>>> print(open('query.tsv').read())   # TSV, C-alpha atoms
chain	number	residue	atom	x	y	z
A	767	MET	CA	28.04	65.57	-5.36
A	768	LEU	CA	29.50	65.92	-8.86
A	769	LEU	CA	29.89	69.28	-10.60
A	770	VAL	CA	31.23	70.04	-14.08
A	771	TYR	CA	33.49	73.06	-14.65
A	772	ARG	CA	34.06	74.19	-18.23
A	773	TYR	CA	37.13	76.10	-19.41
A	774	ARG	CA	38.03	77.25	-22.90
A	775	ILE	CA	41.40	76.00	-24.12
A	776	LYS	CA	44.02	78.56	-25.19
A	777	SER	CA	46.82	76.35	-26.48
A	778	LEU	CA	47.55	73.04	-28.26
A	779	THR	CA	44.25	72.95	-30.14
A	780	GLY	CA	46.01	71.37	-33.13
A	781	LEU	CA	47.20	68.52	-30.92
A	782	LEU	CA	43.64	68.01	-29.70
A	783	ASN	CA	42.39	67.81	-33.29
A	784	GLY	CA	44.78	64.92	-33.89
A	785	HIS	CA	43.71	63.22	-30.67
A	786	ALA	CA	40.05	63.60	-31.68
A	787	ARG	CA	40.69	61.80	-34.98
A	788	ALA	CA	42.39	58.97	-33.10
A	789	CYS	CA	39.43	58.77	-30.69
A	790	ASN	CA	37.09	58.49	-33.68
A	791	PHE	CA	39.20	55.57	-34.95
A	792	VAL	CA	38.90	53.77	-31.59
A	793	TRP	CA	35.14	54.43	-31.46
A	794	ASN	CA	34.65	53.06	-34.97
A	795	PHE	CA	36.73	49.99	-34.07
A	796	CYS	CA	34.39	49.37	-31.13
A	797	ASN	CA	31.40	49.76	-33.43
A	798	ASP	CA	32.88	47.37	-35.97
A	799	THR	CA	33.57	44.83	-33.20
A	800	GLN	CA	29.94	45.13	-32.10
A	801	LEU	CA	28.71	44.54	-35.67
A	802	GLN	CA	30.85	41.40	-35.94
A	803	ALA	CA	29.35	40.11	-32.70
A	804	LEU	CA	25.86	40.71	-34.11
A	805	LYS	CA	26.75	39.03	-37.40
A	806	TRP	CA	28.04	35.84	-35.81
A	807	ASN	CA	25.52	35.87	-32.94
A	808	LYS	CA	28.23	36.26	-30.30
A	809	ARG	CA	28.05	37.86	-26.87
A	810	TRP	CA	28.11	41.63	-27.06
A	811	PRO	CA	31.52	42.97	-25.99
A	812	SER	CA	31.58	44.92	-22.72
A	813	GLY	CA	33.79	47.87	-21.92
A	814	PHE	CA	36.29	45.48	-20.33
A	815	ASP	CA	36.36	43.31	-23.49
A	816	LEU	CA	36.94	46.34	-25.70
A	817	ASN	CA	39.77	47.50	-23.43
A	818	ARG	CA	41.47	44.12	-23.86
A	819	LEU	CA	41.12	44.28	-27.66
A	820	THR	CA	42.67	47.77	-27.83
A	821	ALA	CA	45.49	47.06	-25.36
A	822	GLY	CA	48.89	48.09	-26.69
A	823	SER	CA	47.56	50.50	-29.36
A	824	SER	CA	48.50	53.67	-27.48
A	825	LYS	CA	51.87	54.13	-29.20
A	826	ASP	CA	50.51	53.43	-32.69
A	827	LEU	CA	47.65	55.91	-32.26
A	828	SER	CA	49.77	58.52	-30.39
A	829	LEU	CA	47.01	58.54	-27.82
A	830	HIS	CA	47.09	58.21	-24.05
A	831	ALA	CA	46.13	54.73	-22.83
A	832	GLY	CA	43.62	56.20	-20.38
A	833	THR	CA	41.87	57.97	-23.25
A	834	ILE	CA	41.56	54.73	-25.23
A	835	ASN	CA	40.06	53.00	-22.20
A	836	ALA	CA	37.66	55.91	-21.66
A	837	VAL	CA	36.46	55.72	-25.29
A	838	CYS	CA	35.79	51.97	-25.01
A	839	GLU	CA	33.95	52.32	-21.72
A	840	GLN	CA	31.88	55.23	-23.02
A	841	TYR	CA	30.93	53.23	-26.12
A	842	ALA	CA	29.63	50.33	-24.03
A	843	LYS	CA	27.83	52.74	-21.69
A	844	SER	CA	26.15	54.66	-24.54
A	845	ARG	CA	25.07	51.44	-26.25
A	846	ARG	CA	23.47	50.24	-23.00
A	847	GLN	CA	21.79	53.57	-22.20
A	848	ARG	CA	20.30	53.99	-25.67
A	849	ASN	CA	19.35	50.31	-25.83
A	850	ARG	CA	20.64	49.96	-29.39
A	851	PRO	CA	22.58	47.08	-30.97
A	852	PHE	CA	25.17	49.49	-32.42
A	853	LEU	CA	25.80	53.22	-32.54
A	854	ARG	CA	26.59	55.80	-35.20
A	855	TRP	CA	30.01	56.01	-36.74
A	856	ARG	CA	32.20	59.00	-35.90
A	857	GLY	CA	33.70	60.79	-38.89
A	858	ARG	CA	34.82	64.15	-40.22
A	859	ARG	CA	31.55	65.88	-39.37
A	860	SER	CA	31.52	64.67	-35.76
A	861	LEU	CA	32.46	67.28	-33.19
A	862	GLY	CA	35.84	66.71	-31.57
A	863	TRP	CA	35.84	64.70	-28.35
A	864	VAL	CA	38.75	63.42	-26.26
A	865	PRO	CA	37.76	61.67	-22.99
A	866	LEU	CA	40.24	60.97	-20.23
A	867	LYS	CA	40.53	59.45	-16.80
A	868	GLY	CA	40.25	61.85	-13.88
A	869	ARG	CA	43.53	60.63	-12.37
A	870	ASP	CA	45.46	61.58	-15.53
A	871	LEU	CA	44.60	65.31	-15.34
A	872	LYS	CA	46.80	67.39	-13.04
A	873	ARG	CA	46.38	70.99	-11.91
A	874	GLN	CA	49.21	73.42	-12.58
A	875	GLY	CA	48.27	76.90	-11.38
A	876	GLN	CA	45.76	78.21	-13.90
A	877	ALA	CA	46.70	75.52	-16.43
A	878	PHE	CA	46.32	71.73	-16.57
A	879	ARG	CA	48.73	68.92	-17.39
A	880	PHE	CA	47.70	65.89	-19.40
A	881	ALA	CA	49.84	63.30	-21.21
A	882	GLY	CA	53.00	65.39	-20.79
A	883	ASN	CA	51.41	68.53	-22.27
A	884	THR	CA	50.36	71.76	-20.55
A	885	PHE	CA	46.99	73.13	-21.64
A	886	ARG	CA	46.45	76.81	-20.87
A	887	VAL	CA	42.84	77.84	-20.33
A	888	PHE	CA	40.78	80.98	-19.85
A	889	HIS	CA	40.51	80.75	-16.07
A	890	SER	CA	36.95	82.13	-15.82
A	891	ARG	CA	36.40	80.80	-12.29
A	892	PRO	CA	38.54	78.88	-9.80
A	893	LEU	CA	38.27	75.11	-9.69
A	894	PRO	CA	37.11	73.93	-6.24
A	895	GLU	CA	39.23	71.61	-4.18
A	896	GLY	CA	38.05	68.08	-4.77
A	897	LYS	CA	38.84	64.87	-6.57
A	898	ILE	CA	38.72	65.00	-10.37
A	899	LYS	CA	36.51	62.13	-11.50
A	900	ASP	CA	36.19	60.05	-14.66
A	901	GLY	CA	33.97	61.65	-17.28
A	902	THR	CA	36.36	64.58	-17.66
A	903	ASN	CA	36.95	65.32	-21.34
A	904	PHE	CA	38.04	67.77	-24.02
A	905	SER	CA	35.24	68.79	-26.39
A	906	CYS	CA	35.03	70.95	-29.50
A	907	ASP	CA	32.08	73.07	-30.58
A	908	ALA	CA	30.88	73.81	-34.12
A	909	ARG	CA	33.19	76.85	-34.40
A	910	GLY	CA	36.30	74.79	-33.66
A	911	HIS	CA	36.78	76.08	-30.10
A	912	TRP	CA	38.09	73.50	-27.65
A	913	PHE	CA	36.88	73.26	-24.04
A	914	LEU	CA	38.02	71.28	-21.03
A	915	ASN	CA	35.10	69.83	-19.05
A	916	ILE	CA	36.23	68.82	-15.56
A	917	VAL	CA	34.05	66.62	-13.35
A	918	VAL	CA	34.80	67.40	-9.70
A	919	GLU	CA	33.48	65.66	-6.61
A	920	VAL	CA	32.58	68.15	-3.88
A	921	ALA	CA	30.84	67.79	-0.54
A	922	ALA	CA	27.04	68.08	-0.68
A	923	PRO	CA	25.64	71.07	1.27
A	924	GLU	CA	23.23	70.75	4.15
A	925	PRO	CA	19.55	70.91	3.07
A	926	ARG	CA	17.91	74.26	3.75
A	927	PRO	CA	14.70	74.39	5.79
A	928	VAL	CA	11.66	75.01	3.57
A	929	ARG	CA	10.52	78.53	4.39
A	930	CYS	CA	9.51	79.77	0.96
A	931	GLY	CA	8.38	77.75	-2.06
A	932	ILE	CA	7.61	78.65	-5.66
A	933	GLY	CA	5.70	77.02	-8.49
A	934	ILE	CA	6.83	77.57	-12.10
A	935	ASP	CA	4.67	77.12	-15.20
A	936	LEU	CA	6.79	77.15	-18.36
A	937	GLY	CA	5.26	78.69	-21.47
A	938	LEU	CA	5.90	80.24	-24.86
A	939	LYS	CA	4.25	83.67	-24.78
A	940	ASP	CA	5.94	84.26	-21.43
A	941	PHE	CA	8.93	82.10	-20.66
A	942	ALA	CA	7.59	81.27	-17.20
A	943	ALA	CA	4.78	82.27	-14.86
A	944	LEU	CA	5.56	82.17	-11.15
A	945	SER	CA	3.19	81.39	-8.30
A	946	THR	CA	4.18	84.73	-6.75
A	947	GLY	CA	2.23	86.48	-9.52
A	948	ASP	CA	5.28	87.51	-11.56
A	949	LYS	CA	6.09	86.52	-15.12
A	950	ILE	CA	9.44	86.08	-16.88
A	951	GLU	CA	9.45	87.51	-20.37
A	952	ASN	CA	10.47	85.19	-23.19
A	953	PRO	CA	13.46	86.81	-24.97
A	954	ARG	CA	13.06	84.70	-28.17
A	955	TYR	CA	16.72	84.89	-29.20
A	956	LEU	CA	16.22	82.81	-32.33
A	957	ARG	CA	13.42	85.11	-33.51
A	958	GLN	CA	15.62	88.16	-32.97
A	959	LEU	CA	18.36	86.87	-35.31
A	960	ALA	CA	16.17	84.86	-37.69
A	961	ASP	CA	16.53	87.35	-40.56
A	962	LYS	CA	20.34	87.52	-40.32
A	963	LEU	CA	20.50	83.73	-40.09
A	964	ALA	CA	18.30	83.30	-43.16
A	965	ILE	CA	20.44	85.71	-45.20
A	966	ALA	CA	23.63	83.85	-44.23
A	967	GLN	CA	22.11	80.47	-45.05
A	968	ARG	CA	20.79	81.58	-48.45
A	969	ALA	CA	24.21	83.02	-49.29
A	970	ARG	CA	25.80	79.70	-48.16
A	971	LYS	CA	28.02	81.49	-45.69
A	972	ARG	CA	28.44	78.51	-43.44
A	973	ARG	CA	30.89	80.08	-41.01
A	974	GLN	CA	28.70	83.15	-40.53
A	975	ALA	CA	25.63	80.98	-39.93
A	976	THR	CA	27.58	78.91	-37.39
A	977	ASN	CA	28.61	82.08	-35.54
A	978	ILE	CA	25.00	83.28	-35.42
A	979	TYR	CA	23.87	79.93	-34.02
A	980	ALA	CA	26.60	80.15	-31.37
A	981	ARG	CA	25.54	83.68	-30.49
A	982	ILE	CA	21.94	82.51	-30.01
A	983	ALA	CA	22.98	79.53	-27.89
A	984	ASN	CA	25.28	81.63	-25.70
A	985	ALA	CA	22.61	84.28	-25.11
A	986	ARG	CA	20.02	81.64	-24.24
A	987	ARG	CA	22.42	79.86	-21.87
A	988	ASP	CA	23.28	83.14	-20.15
A	989	PHE	CA	19.57	83.93	-19.70
A	990	HIS	CA	18.90	80.49	-18.22
A	991	HIS	CA	21.86	80.75	-15.85
A	992	LYS	CA	20.87	84.16	-14.50
A	993	ARG	CA	17.18	83.34	-14.02
A	994	SER	CA	17.81	79.94	-12.44
A	995	THR	CA	20.40	81.38	-10.04
A	996	LEU	CA	18.01	84.10	-8.86
A	997	ILE	CA	15.23	81.55	-8.24
A	998	VAL	CA	17.44	79.10	-6.35
A	999	ARG	CA	18.87	81.81	-4.11
A	1000	GLU	CA	15.46	83.21	-3.18
A	1001	PHE	CA	13.33	80.07	-2.76
A	1002	ASP	CA	13.91	76.93	-0.72
A	1003	HIS	CA	11.51	74.65	-2.60
A	1004	ILE	CA	11.10	74.79	-6.38
A	1005	ALA	CA	8.25	72.99	-8.17
A	1006	VAL	CA	8.23	72.98	-11.99
A	1007	GLY	CA	5.61	71.59	-14.36
A	1008	ASN	CA	6.69	68.49	-16.29
A	1009	VAL	CA	5.81	69.86	-19.70
A	1010	ASN	CA	6.80	67.40	-22.45
A	1011	ALA	CA	9.31	69.48	-24.42
A	1012	ALA	CA	10.39	66.55	-26.62
A	1013	GLY	CA	6.80	65.84	-27.63
A	1014	LEU	CA	5.97	69.48	-28.40
A	1015	ALA	CA	9.20	69.73	-30.43
A	1016	LYS	CA	7.55	67.40	-32.97
A	1017	THR	CA	4.56	69.68	-33.52
A	1018	ARG	CA	4.09	72.99	-35.33
A	1019	LEU	CA	5.32	74.73	-32.18
A	1020	ALA	CA	8.78	73.15	-32.59
A	1021	LYS	CA	10.69	76.36	-33.35
A	1022	SER	CA	9.24	78.22	-30.37
A	1023	VAL	CA	9.71	75.26	-28.00
A	1024	LEU	CA	13.34	74.73	-28.99
A	1025	ASP	CA	14.01	78.46	-28.80
A	1026	ALA	CA	12.71	78.54	-25.21
A	1027	GLY	CA	14.99	75.71	-24.07
A	1028	TRP	CA	12.77	74.34	-21.28
A	1029	SER	CA	14.81	71.18	-20.71
A	1030	SER	CA	18.05	73.13	-20.33
A	1031	PHE	CA	16.43	75.51	-17.85
A	1032	ARG	CA	15.00	72.67	-15.76
A	1033	GLY	CA	18.39	70.95	-15.75
A	1034	MET	CA	20.04	74.10	-14.42
A	1035	LEU	CA	17.38	74.49	-11.73
A	1036	ARG	CA	17.88	70.86	-10.70
A	1037	TYR	CA	21.65	70.91	-10.23
A	1038	LYS	CA	21.76	74.42	-8.74
A	1039	ALA	CA	19.07	73.51	-6.22
A	1040	THR	CA	21.14	70.49	-5.20
A	1041	ALA	CA	24.31	72.58	-4.96
A	1042	HIS	CA	22.59	75.21	-2.76
A	1043	GLY	CA	20.72	72.78	-0.52
A	1044	ALA	CA	17.29	73.67	-1.93
A	1045	TRP	CA	14.54	71.23	-2.92
A	1046	TYR	CA	13.63	70.62	-6.58
A	1047	GLU	CA	10.61	68.71	-7.86
A	1048	GLU	CA	8.89	68.22	-11.22
A	1049	VAL	CA	5.12	68.06	-10.82
A	1050	ASN	CA	2.42	66.66	-13.09
A	1051	GLU	CA	0.77	69.72	-14.59
A	1052	SER	CA	-2.25	67.97	-16.12
A	1053	PHE	CA	-5.40	70.13	-15.80
A	1054	SER	CA	-3.42	72.75	-13.87
A	1055	THR	CA	-4.98	75.46	-16.07
A	1056	ARG	CA	-8.53	74.20	-15.38
A	1057	ASP	CA	-8.32	73.76	-11.61
A	1058	CYS	CA	-9.09	76.85	-9.57
A	1059	SER	CA	-6.18	77.57	-7.23
A	1060	SER	CA	-8.58	78.99	-4.62
A	1061	CYS	CA	-11.33	76.35	-4.32
A	1062	HIS	CA	-9.78	73.61	-6.55
A	1063	ALA	CA	-12.95	73.26	-8.63
A	1064	LYS	CA	-12.43	72.23	-12.26
A	1065	THR	CA	-14.14	75.27	-13.76
A	1066	GLY	CA	-11.36	76.62	-15.97
A	1067	PRO	CA	-11.37	76.87	-19.77
A	1068	LYS	CA	-11.33	73.62	-21.72
A	1069	GLY	CA	-9.37	73.00	-24.91
A	1070	ILE	CA	-6.90	75.14	-26.79
A	1071	ALA	CA	-9.58	77.33	-28.38
A	1072	GLU	CA	-10.95	78.33	-24.97
A	1073	LEU	CA	-7.64	79.04	-23.28
A	1074	GLY	CA	-7.91	82.74	-22.58
A	1075	ILE	CA	-5.52	84.93	-20.69
A	1076	SER	CA	-7.89	85.25	-17.71
A	1077	TRP	CA	-11.04	83.55	-16.46
A	1078	VAL	CA	-13.41	83.68	-13.47
A	1079	CYS	CA	-14.16	80.61	-11.35
A	1080	ALA	CA	-17.86	79.71	-11.48
A	1081	GLU	CA	-17.74	78.28	-7.95
A	1082	CYS	CA	-15.95	80.93	-5.87
A	1083	GLY	CA	-15.96	83.90	-8.29
A	1084	VAL	CA	-12.21	84.50	-8.09
A	1085	ALA	CA	-10.58	85.91	-11.25
A	1086	HIS	CA	-7.47	84.08	-12.41
A	1087	ASP	CA	-4.67	84.65	-14.84
A	1088	ARG	CA	-4.35	81.33	-16.66
A	1089	ASP	CA	-0.58	80.90	-16.34
A	1090	ILE	CA	-0.24	82.20	-12.77
A	1091	ASN	CA	-3.14	79.99	-11.69
A	1092	SER	CA	-1.33	77.02	-13.24
A	1093	ALA	CA	1.89	77.91	-11.39
A	1094	ARG	CA	0.02	78.05	-8.08
A	1095	ASN	CA	-1.58	74.68	-8.72
A	1096	ILE	CA	1.86	73.23	-9.47
A	1097	LEU	CA	3.11	74.53	-6.12
A	1098	PHE	CA	0.07	73.10	-4.29
A	1099	ARG	CA	0.51	69.69	-5.90
A	1100	SER	CA	4.14	69.51	-4.80
A	1101	GLY	CA	3.01	69.50	-1.16
A	1102	HIS	CA	5.40	72.31	-0.19
A	1103	ARG	CA	4.22	75.88	0.10
A	1104	THR	CA	5.06	78.96	2.09
A	1105	PRO	CA	3.94	78.39	5.72
A	1106	ALA	CA	2.32	81.85	5.82
A	1107	GLU	CA	-0.13	80.78	3.10
A	1108	GLY	CA	-1.59	78.07	5.33
A	1109	ILE	CA	-3.80	75.26	4.06
A	1110	PRO	CA	-6.74	76.48	1.89
A	1111	ALA	CA	-9.13	73.85	3.35
A	1112	LEU	CA	-8.62	75.22	6.86
A	1113	LEU	CA	-8.88	78.93	6.07
>>> encode(input="query.tsv", output="structure tokens")
Amino acid sequence: MLLVYRYRIKSLTGLLNGHARACNFVWNFCNDTQLQALKWNKRWPSGFDLNRLTAGSSKDLSLHAGTINAVCEQYAKSRRQRNRPFLRWRGRRSLGWVPLKGRDLKRQGQAFRFAGNTFRVFHSRPLPEGKIKDGTNFSCDARGHWFLNIVVEVAAPEPRPVRCGIGIDLGLKDFAALSTGDKIENPRYLRQLADKLAIAQRARKRRQATNIYARIANARRDFHHKRSTLIVREFDHIAVGNVNAAGLAKTRLAKSVLDAGWSSFRGMLRYKATAHGAWYEEVNESFSTRDCSSCHAKTGPKGIAELGISWVCAECGVAHDRDINSARNILFRSGHRTPAEGIPALL
């Protein structure tokens, strides 16, 4: 199992800025080579081909050879994953990025050695014992802060027996409704700082606006981490609705959807469930608001105009909260539920 540990860099950030510019040069060379292959109808160069073309350039670029190889391999991988003939150029506005091979990074107490340099970090948590894998990199955020992202291979835990399951329906009014009957309030961090952000943007205070954006992102990430950790520790099976966040981000609900950060939250639930031996599943949530979670009759409200907060099933007469009913249906559809609940058809 692969885990990524992130540490903020204390020292040698100026050196990393120079390395990032050199990495951009290598990336753009790979892109130019790809365009030449397209122009003359040649075979697209692979990561191995790009490594051969850049061999011997380490001294001229003042860049570690492993980093040059990592840039070439990442270019070929990104081109294949995105299914595009060529990629965007990296320039002055691109965030800093310096990839490296896992074997080239060495531990040194609470610091790390790479290419003959010692990088001191804010040691927020200990790095587990395990092999450092390729994919490790230095990255820079919009405020100019550098981070070291270390990919570590650790042993996978034993799967936990499924004793308690939970269904989660993600929303906007409430961040999530749980099949237990509880709801998680949506903090709306972007809405809280929208006025300050607008003032900074109108005054063209770019640095202040960047700091506000970072504050919003950090608060949202902290909220996601805390909520996902509590859920994974308490429940053995986690079923989440597969709401299309990317599609809704293209509608008039875009600001609210992006502020909620559903995809980030689901990603945290997925990797934390794997790390703790729990089960994670994304379930089709179509018609989950219309199906009665008691008798499974499709008697719920239809359409956006009729989606009320609560409704009563015309078949069994049970009153439902719309979101909690949807969360329970998501749990039922996953096929895993708390054994004490039993099977509704046999009760």
>>> residues_around(input="query.tsv", residues="stretch 1054-1067 of chain A", least_positions_apart="4", cutoff="8 Å", atoms="only C-alpha atoms", output="PyMOL selection string")
chain A and resi 1072-1074+1077-1082+1084+1086+1088-1089+1091-1096+1110
>>> write_last_selection(input="query.tsv", atoms="C-alpha atoms", output="PDB file, keeping the file's coordinate frame")
ATOM      1  CA  GLU A1072     -10.950  78.330 -24.970  1.00  0.00           C
ATOM      2  CA  LEU A1073      -7.640  79.040 -23.280  1.00  0.00           C
ATOM      3  CA  GLY A1074      -7.910  82.740 -22.580  1.00  0.00           C
ATOM      4  CA  TRP A1077     -11.040  83.550 -16.460  1.00  0.00           C
ATOM      5  CA  VAL A1078     -13.410  83.680 -13.470  1.00  0.00           C
ATOM      6  CA  CYS A1079     -14.160  80.610 -11.350  1.00  0.00           C
ATOM      7  CA  ALA A1080     -17.860  79.710 -11.480  1.00  0.00           C
ATOM      8  CA  GLU A1081     -17.740  78.280  -7.950  1.00  0.00           C
ATOM      9  CA  CYS A1082     -15.950  80.930  -5.870  1.00  0.00           C
ATOM     10  CA  VAL A1084     -12.210  84.500  -8.090  1.00  0.00           C
ATOM     11  CA  HIS A1086      -7.470  84.080 -12.410  1.00  0.00           C
ATOM     12  CA  ARG A1088      -4.350  81.330 -16.660  1.00  0.00           C
ATOM     13  CA  ASP A1089      -0.580  80.900 -16.340  1.00  0.00           C
ATOM     14  CA  ASN A1091      -3.140  79.990 -11.690  1.00  0.00           C
ATOM     15  CA  SER A1092      -1.330  77.020 -13.240  1.00  0.00           C
ATOM     16  CA  ALA A1093       1.890  77.910 -11.390  1.00  0.00           C
ATOM     17  CA  ARG A1094       0.020  78.050  -8.080  1.00  0.00           C
ATOM     18  CA  ASN A1095      -1.580  74.680  -8.720  1.00  0.00           C
ATOM     19  CA  ILE A1096       1.860  73.230  -9.470  1.00  0.00           C
ATOM     20  CA  PRO A1110      -6.740  76.480   1.890  1.00  0.00           C
TER      21      PRO A1110
END
>>> atom_distance(input="query.tsv", atom1="atom CA of A:Ala1020", atom2="atom CA of A:Arg850")
26.2 Å
>>> atom_distance(input="query.tsv", atom1="atom CA of A:Phe791", atom2="atom CA of A:Gln847")
21.7 Å
>>> atom_distance(input="query.tsv", atom1="atom CA of A:Asn794", atom2="atom CA of A:Ser905")
17.9 Å
>>> residues_near_point(input="query.tsv", point="(34.9, 42.6, -33.2)", cutoff="10 Å", atoms="only C-alpha atoms", output="number ranges by chain")
A: 795-806, 808, 810-811, 815-816, 819
>>> closest_atom_pairs(input="query.tsv", of="stretch 881-959 of chain A", to="stretch 767-783 of chain A", cutoff="8 Å", atoms="all atoms listed in the file", output="Markdown table")
| residue | atom | partner | partner_atom | distance |
| --- | --- | --- | --- | --- |
| A:Phe885 | CA | A:Ser777 | CA | 5.8 |
| A:Arg886 | CA | A:Lys776 | CA | 5.3 |
| A:Val887 | CA | A:Ile775 | CA | 4.5 |
| A:Phe888 | CA | A:Arg774 | CA | 5.5 |
| A:His889 | CA | A:Tyr773 | CA | 6.6 |
| A:Ser890 | CA | A:Tyr773 | CA | 7.0 |
| A:Leu893 | CA | A:Tyr771 | CA | 7.2 |
| A:Phe904 | CA | A:Leu782 | CA | 8.0 |
| A:His911 | CA | A:Arg774 | CA | 7.4 |
| A:Trp912 | CA | A:Ile775 | CA | 5.4 |
| A:Phe913 | CA | A:Arg774 | CA | 4.3 |
| A:Leu914 | CA | A:Tyr773 | CA | 5.2 |
| A:Asn915 | CA | A:Arg772 | CA | 4.6 |
| A:Ile916 | CA | A:Tyr771 | CA | 5.1 |
| A:Val917 | CA | A:Val770 | CA | 4.5 |
| A:Val918 | CA | A:Leu769 | CA | 5.3 |
| A:Glu919 | CA | A:Leu768 | CA | 4.6 |
| A:Val920 | CA | A:Met767 | CA | 5.4 |
| A:Ala921 | CA | A:Met767 | CA | 6.0 |
| A:Ala922 | CA | A:Met767 | CA | 5.4 |
>>> closest_residue(input="query.tsv", among="A:Asp1087, A:Asn903, A:Leu1097, A:Met1034", to="A:Ile1075", atoms="only C-alpha atoms")
A:Asp1087
>>> residues_around(input="query.tsv", residues="A:Asp935", least_positions_apart="5", cutoff="6 Å", atoms="all atoms listed in the file", output="number ranges by chain")
A: 942-943, 1007, 1093
>>> closest_residue(input="query.tsv", among="A:His1003, A:Arg993, A:Arg809, A:Arg986", to="A:Pro851", atoms="all atoms listed in the file")
A:Arg809
>>> closest_residue(input="query.tsv", among="A:Arg873, A:Glu839, A:Phe878, A:Asp940", to="A:Asp900", atoms="all atoms listed in the file")
A:Glu839
>>> closest_residue(input="query.tsv", among="A:Gly947, A:Pro953, A:Gly1083, A:Gly933", to="A:Arg1099", atoms="all atoms listed in the file")
A:Gly933
>>> closest_atom_pairs(input="query.tsv", of="stretch 851-913 of chain A", to="stretch 978-983 of chain A", cutoff="12 Å", atoms="only C-alpha atoms", output="CSV")
residue,atom,partner,partner_atom,distance
A:Asp907,CA,A:Ala980,CA,9.0
A:Ala908,CA,A:Ala980,CA,8.1
A:Arg909,CA,A:Ala980,CA,8.0
A:Gly910,CA,A:Ala980,CA,11.3
A:His911,CA,A:Ala980,CA,11.0
>>> write_last_selection(input="query.tsv", atoms="C-alpha atoms", output="JSON list (two decimals), in the coordinates of the input")
[["chain", "number", "residue", "atom", "x", "y", "z"],
["A", 907, "ASP", "CA", 32.08, 73.07, -30.58],
["A", 908, "ALA", "CA", 30.88, 73.81, -34.12],
["A", 909, "ARG", "CA", 33.19, 76.85, -34.40],
["A", 910, "GLY", "CA", 36.30, 74.79, -33.66],
["A", 911, "HIS", "CA", 36.78, 76.08, -30.10]]
>>> residues_around(input="query.tsv", residues="A:His990", least_positions_apart="2", cutoff="12 Å", atoms="only C-alpha atoms", output="PDB file with C-alpha atoms, in the coordinates of the input")
ATOM      1  CA  PHE A 941       8.930  82.100 -20.660  1.00  0.00           C
ATOM      2  CA  ALA A 942       7.590  81.270 -17.200  1.00  0.00           C
ATOM      3  CA  ILE A 950       9.440  86.080 -16.880  1.00  0.00           C
ATOM      4  CA  GLU A 951       9.450  87.510 -20.370  1.00  0.00           C
ATOM      5  CA  ASN A 952      10.470  85.190 -23.190  1.00  0.00           C
ATOM      6  CA  PRO A 953      13.460  86.810 -24.970  1.00  0.00           C
ATOM      7  CA  ALA A 983      22.980  79.530 -27.890  1.00  0.00           C
ATOM      8  CA  ASN A 984      25.280  81.630 -25.700  1.00  0.00           C
ATOM      9  CA  ALA A 985      22.610  84.280 -25.110  1.00  0.00           C
ATOM     10  CA  ARG A 986      20.020  81.640 -24.240  1.00  0.00           C
ATOM     11  CA  ARG A 987      22.420  79.860 -21.870  1.00  0.00           C
ATOM     12  CA  ASP A 988      23.280  83.140 -20.150  1.00  0.00           C
ATOM     13  CA  LYS A 992      20.870  84.160 -14.500  1.00  0.00           C
ATOM     14  CA  ARG A 993      17.180  83.340 -14.020  1.00  0.00           C
ATOM     15  CA  SER A 994      17.810  79.940 -12.440  1.00  0.00           C
ATOM     16  CA  THR A 995      20.400  81.380 -10.040  1.00  0.00           C
ATOM     17  CA  LEU A 996      18.010  84.100  -8.860  1.00  0.00           C
ATOM     18  CA  ILE A 997      15.230  81.550  -8.240  1.00  0.00           C
ATOM     19  CA  ASP A1025      14.010  78.460 -28.800  1.00  0.00           C
ATOM     20  CA  ALA A1026      12.710  78.540 -25.210  1.00  0.00           C
ATOM     21  CA  GLY A1027      14.990  75.710 -24.070  1.00  0.00           C
ATOM     22  CA  TRP A1028      12.770  74.340 -21.280  1.00  0.00           C
ATOM     23  CA  SER A1029      14.810  71.180 -20.710  1.00  0.00           C
ATOM     24  CA  SER A1030      18.050  73.130 -20.330  1.00  0.00           C
ATOM     25  CA  PHE A1031      16.430  75.510 -17.850  1.00  0.00           C
ATOM     26  CA  ARG A1032      15.000  72.670 -15.760  1.00  0.00           C
ATOM     27  CA  GLY A1033      18.390  70.950 -15.750  1.00  0.00           C
ATOM     28  CA  MET A1034      20.040  74.100 -14.420  1.00  0.00           C
ATOM     29  CA  LEU A1035      17.380  74.490 -11.730  1.00  0.00           C
ATOM     30  CA  LYS A1038      21.760  74.420  -8.740  1.00  0.00           C
TER      31      LYS A1038
END
>>> residues_around(input="query.tsv", residues="A:Gly1043", least_positions_apart="3", cutoff="6 Å", atoms="only C-alpha atoms", output="ChimeraX atom specification")
/A:923-926,1039-1040
>>> write_last_selection(input="query.tsv", atoms="C-alpha atoms", output="mmCIF file, keeping the file's coordinate frame")
data_model
loop_
_atom_site.group_PDB
_atom_site.id
_atom_site.type_symbol
_atom_site.label_atom_id
_atom_site.label_comp_id
_atom_site.auth_asym_id
_atom_site.auth_seq_id
_atom_site.Cartn_x
_atom_site.Cartn_y
_atom_site.Cartn_z
ATOM 1 C CA PRO A 923 25.640 71.070 1.270
ATOM 2 C CA GLU A 924 23.230 70.750 4.150
ATOM 3 C CA PRO A 925 19.550 70.910 3.070
ATOM 4 C CA ARG A 926 17.910 74.260 3.750
ATOM 5 C CA ALA A 1039 19.070 73.510 -6.220
ATOM 6 C CA THR A 1040 21.140 70.490 -5.200
#
